[in-house]
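Student: Dumping the structure here so I can ask a few things about it.
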Amino acid sequence: MDASALSNPQLQQMINQEKERAMANEMIAKLTSACWDKCITSTPGSKFSSSESNCLSNCAQRYMDMSIMIVKRFQSMH
C-alpha cells in the first residue's frame, strides 16, 4: 500500500472495525473457554441443567463487567 491509501479515512475506519471485530471474537472465545471450564462439570446432554445455565450466565456477566472495567481503566490512563 502506498501512503495515500494508508491516510484514507474510509480505509482506516474499515481497519479499525476489523480490529474491533477481532478483539470481540477473541474476548468471546476466552469467555466461552473460561466459563465452560468453570460451569460444565460433566458431559453435556442436549441442554444445560439449570445450575449450569445459571453458572454460565453469571460467569459471562462477571467476565463482561471485568472487561468493561479494564477498558475504562486503560482509557482513564491516556
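All residue names refer to the C-alpha cells as shown: chains lettered A, B, ... in order, residues numbered from 1 in each chain, ligands numbered from 1 in order.
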Identify, on the basis of only C-alpha atoms, every residue whose closest approach to range 60-65 of chain A does not exceed 8 Å; exclude the query and any residue fewer than 6 positions from it along the same chain; express the result as a CSV table (one decimal) with N, CA and C atoms, in the first residue's frame.
Tutor:
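Produced file result_32.csv, reproduced below:
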```csv
chain,number,residue,atom,x,y,z
A,31,LEU,N,-14.0,-15.9,27.0
A,31,LEU,CA,-15.2,-16.0,27.9
A,31,LEU,C,-15.8,-17.4,27.8
A,32,THR,N,-15.9,-17.9,26.6
A,32,THR,CA,-16.5,-19.2,26.4
A,32,THR,C,-15.7,-20.3,27.1
A,35,CYS,N,-15.7,-19.8,31.1
A,35,CYS,CA,-17.0,-20.2,31.7
A,35,CYS,C,-17.3,-21.6,31.5
```
Student: Run DSSP on the backbone and give me the residues of chain A it puts in alpha helix (DSSP H), as number ranges by chain.
Tutor: A: 3-6, 9-39, 50-77
Student: CA of Ser42 in chain A and CA of Cys55 in chain A, how far apart in Å?
Tutor: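 About the pair CA of Cys55 in chain A and CA of Ser42 in chain A: they are 13.6 Å apart.
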Student: Expressed in Å to a single decimal, how great is the separation between CA of Glu20 in chain A and CA of Ser33 in chain A?
Tutor: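 So the answer is 19.9 Å.
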Student: With distances taken over only C-alpha atoms, which residue among A:Asn16, A:Thr43, A:Trp36, A:Phe74 lies nearest Leu56 in chain A?
Tutor: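 Answer, going by the shortest atom-to-atom distance: A:Trp36.
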Student: For the atom pair CA of Gln10 in chain A and CA of Met27 in chain A, what is the interatomic distance in Å to one decimal place?
Tutor: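 Between CA of Gln10 in chain A and CA of Met27 in chain A the gap works out to 25.6 Å.
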